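Asks: Contents of input-v6.pdb (PDB, C-alpha atoms):
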ATOM      1  CA  MET A  25     -33.880  12.850  -5.778
ATOM      2  CA  ASN A  26     -36.135  13.154  -2.754
ATOM      3  CA  ARG A  27     -35.023  13.777   0.833
ATOM      4  CA  PHE A  28     -34.983  10.093   1.708
ATOM      5  CA  GLU A  29     -32.791   9.224  -1.278
ATOM      6  CA  ALA A  30     -30.433  12.104  -0.471
ATOM      7  CA  HIS A  31     -30.146  10.906   3.132
ATOM      8  CA  GLU A  32     -29.488   7.323   2.054
ATOM      9  CA  THR A  33     -26.840   8.476  -0.443
ATOM     10  CA  ALA A  34     -25.082  10.534   2.233
ATOM     11  CA  ARG A  35     -25.273   7.600   4.667
ATOM     12  CA  ALA A  36     -23.791   5.210   2.097
ATOM     13  CA  ARG A  37     -20.919   7.618   1.437
ATOM     14  CA  ARG A  38     -20.235   7.917   5.160
ATOM     15  CA  VAL A  39     -20.232   4.125   5.597
ATOM     16  CA  GLU A  40     -17.792   3.764   2.676
ATOM     17  CA  LEU A  41     -15.570   6.544   4.067
ATOM     18  CA  ILE A  42     -15.457   4.855   7.483
ATOM     19  CA  ALA A  43     -14.623   1.500   5.866
ATOM     20  CA  ARG A  44     -11.841   3.074   3.798
ATOM     21  CA  ILE A  45     -10.370   4.737   6.912
ATOM     22  CA  GLU A  46     -10.586   1.431   8.810
ATOM     23  CA  ARG A  47      -8.626  -0.310   6.024
ATOM     24  CA  PHE A  48      -5.966   2.386   6.187
ATOM     25  CA  VAL A  49      -5.732   2.199   9.985
ATOM     26  CA  ASP A  50      -5.538  -1.609  10.045
ATOM     27  CA  GLY A  51      -2.799  -1.522   7.415
ATOM     28  CA  SER A  52      -4.652  -3.414   4.693
ATOM     29  CA  ASP A  53      -4.620  -0.394   2.331
ATOM     30  CA  THR A  54      -2.192   2.423   3.064
ATOM     31  CA  SER A  55      -1.722   3.338  -0.575
ATOM     32  CA  GLN A  56      -1.476   6.904  -1.751
ATOM     33  CA  ALA A  57      -4.594   6.292  -3.852
ATOM     34  CA  SER A  58      -6.546   5.268  -0.754
ATOM     35  CA  ALA A  59      -5.302   8.348   1.113
ATOM     36  CA  ALA A  60      -6.462  10.535  -1.786
ATOM     37  CA  LEU A  61      -9.949   8.990  -1.655
ATOM     38  CA  ILE A  62     -10.120   9.517   2.110
ATOM     39  CA  GLU A  63      -8.921  13.090   1.615
ATOM     40  CA  SER A  64     -11.669  13.901  -0.895
ATOM     41  CA  GLY A  65     -14.313  12.047   1.130
ATOM     42  CA  LEU A  66     -13.516  13.983   4.293
ATOM     43  CA  ASP A  67     -13.314  17.280   2.420
ATOM     44  CA  ASP A  68     -16.695  16.678   0.763
ATOM     45  CA  ALA A  69     -18.382  15.515   3.968
ATOM     46  CA  PHE A  70     -16.963  18.213   6.267
ATOM     47  CA  PRO A  71     -16.083  21.280   4.155
ATOM     48  CA  ASP A  72     -16.362  23.755   7.050
ATOM     49  CA  ASN A  73     -14.810  21.669   9.838
ATOM     50  CA  GLU A  74     -11.437  23.125  10.792
ATOM     51  CA  ARG A  75     -10.256  19.966  12.550
ATOM     52  CA  ILE A  76     -11.067  17.775   9.556
ATOM     53  CA  SER A  77      -9.418  20.341   7.263
ATOM     54  CA  GLU A  78      -6.156  19.741   9.139
ATOM     55  CA  THR A  79      -6.483  16.022   8.437
ATOM     56  CA  VAL A  80      -7.231  16.724   4.775
ATOM     57  CA  LEU A  81      -3.999  18.750   4.559
ATOM     58  CA  MET A  82      -2.068  15.921   6.198
ATOM     59  CA  LEU A  83      -3.518  13.445   3.702
ATOM     60  CA  ALA A  84      -2.471  15.733   0.847
ATOM     61  CA  SER A  85       1.090  15.517   2.199
ATOM     62  CA  TYR A  86       1.026  11.743   2.702
ATOM     63  CA  ARG A  87       3.440   9.420   0.936
ATOM     64  CA  PRO A  88       4.080   5.809   1.922
ATOM     65  CA  GLY A  89       7.476   5.848   3.561
ATOM     66  CA  GLY A  90       7.278   9.588   4.254
ATOM     67  CA  GLY A  91      10.064  11.929   3.250
ATOM     68  CA  ALA A  92      11.020  15.549   3.673
ATOM     69  CA  SER A  93       7.894  17.543   4.600
ATOM     70  CA  LEU A  94       5.706  14.464   4.032
ATOM     71  CA  HIS A  95       3.620  12.381   6.421
ATOM     72  CA  ASP A  96       4.261   8.628   6.641
ATOM     73  CA  GLU A  97       1.967   5.717   7.454
ATOM     74  CA  ALA A  98       2.430   5.950  11.227
ATOM     75  CA  ALA A  99       1.541   9.644  11.343
ATOM     76  CA  MET A 100      -1.508   9.149   9.135
ATOM     77  CA  ARG A 101      -2.718   6.128  11.092
ATOM     78  CA  ALA A 102      -2.498   8.074  14.361
ATOM     79  CA  GLU A 103      -4.433  10.969  12.843
ATOM     80  CA  LEU A 104      -7.060   8.767  11.211
ATOM     81  CA  VAL A 105      -7.666   6.825  14.445
ATOM     82  CA  GLN A 106      -8.787  10.114  15.996
ATOM     83  CA  VAL A 107     -10.934  11.013  12.994
ATOM     84  CA  LEU A 108     -12.490   7.554  12.970
ATOM     85  CA  ALA A 109     -13.499   7.898  16.607
ATOM     86  CA  ARG A 110     -15.212  11.218  15.818
ATOM     87  CA  LEU A 111     -17.006   9.769  12.788
ATOM     88  CA  ARG A 112     -18.331   6.846  14.812
ATOM     89  CA  GLN A 113     -19.729   9.218  17.456
ATOM     90  CA  ALA A 114     -21.604  11.349  14.948
TER      91      ALA A 114
END
Would you kindly transcribe this structure into structure tokens?
Replies:
Amino acid sequence: MNRFEAHETARARRVELIARIERFVDGSDTSQASAALIESGLDDAFPDNERISETVLMLASYRPGGGASLHDEAAMRAELVQVLARLRQA
């Protein structure tokens, strides 16, 4: 893979990650499976970013409906709105 192909692959992953986060935020897919894909996408894209690492930990503790020591949809949406804004700026 040359540099151009690597850049295009990274760009495509970022576009898909943003789309997945948008679907979570708008409520069309707040499944645990979607949260897990967002979690791994953010972790892969930003392995050394402390702020994103906090979001990754929240996603790991996400369950629809919440529960003891778990994050619910509202908490995750609020967090992902902030992450989405940062991703769009970059």
Asks: With a distance cut-off of 9 Å and all atoms listed in the file, select the neighbouring residues of region 57-71 of chain A, excluding the residue or stretch itself and same-chain residues fewer than 4 positions from it, and output the selection as a list of chain:residue names.
Replies: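 Within the cut-off, the hits are A:Ala34, A:Arg37, A:Arg38, A:Leu41, A:Ile42, A:Arg44, A:Ile45, A:Phe48, A:Asp53, A:Ile76, A:Ser77, A:Thr79, A:Val80, A:Leu81, A:Met82, A:Leu83, A:Ala84, A:Tyr86, A:Arg87, A:Met100.
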Asks: Around all listed atoms of region 68-81 of chain A, padded 4 Å per side, what centre and edge lengths does the axis-aligned box have in Å to one decimal, as lines of an AutoDock Vina configuration file?
Replies:
center_x = -11.2
center_y = 19.6
center_z = 6.7
size_x = 22.4
size_y = 16.2
size_z = 19.8
Asks: Rank A:Glu103, A:Glu97, A:Glu78, A:Glu32 by their smallest atom-to-atom distance to Gln56 (chain A), using only C-alpha atoms, and report the top residue only.
Replies: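 Between A:Glu103, A:Glu97, A:Glu78, A:Glu32, the residue approaching Gln56 (chain A) most closely is A:Glu97.
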Asks: Provide the CA of Asn73 (chain A) to CA of Ser52 (chain A) distance in Å, to one decimal place.
Replies: 27.5 Å
Asks: Given the choices A:Arg47, A:His95, A:Arg35, A:Arg101, which gets closest to Ala114 (chain A) if the distance is worked out from all atoms listed in the file?
Replies: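 That would be A:Arg35, the residue with the smallest distance to Ala114 (chain A).
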Asks: Calculate how many Å separate CA of Val105 (chain A) from CA of Ala92 (chain A), rounding to one decimal.
Replies: 23.3 Å
Asks: In Å to one decimal, how far is CA of Gly91 (chain A) from CA of Glu40 (chain A)?
Replies: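 Value for the CA of Glu40 (chain A)-CA of Gly91 (chain A) distance: 29.0 Å.
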Asks: Using all atoms listed in the file, which residue out of A:Val39, A:Gly90, A:Ser85, A:Asp50 lies closest to Ala102 (chain A)?
Replies: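 Once distances to Ala102 (chain A) are computed over all atoms listed in the file, the minimum belongs to A:Asp50.
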Asks: Which residue, A:Ala43, A:Ser55, A:Leu94, A:Ala99, has the smallest gap to Leu111 (chain A) when you use all atoms listed in the file?
Replies: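 Residue with the minimum atom-to-atom distance to Leu111 (chain A): A:Ala43.
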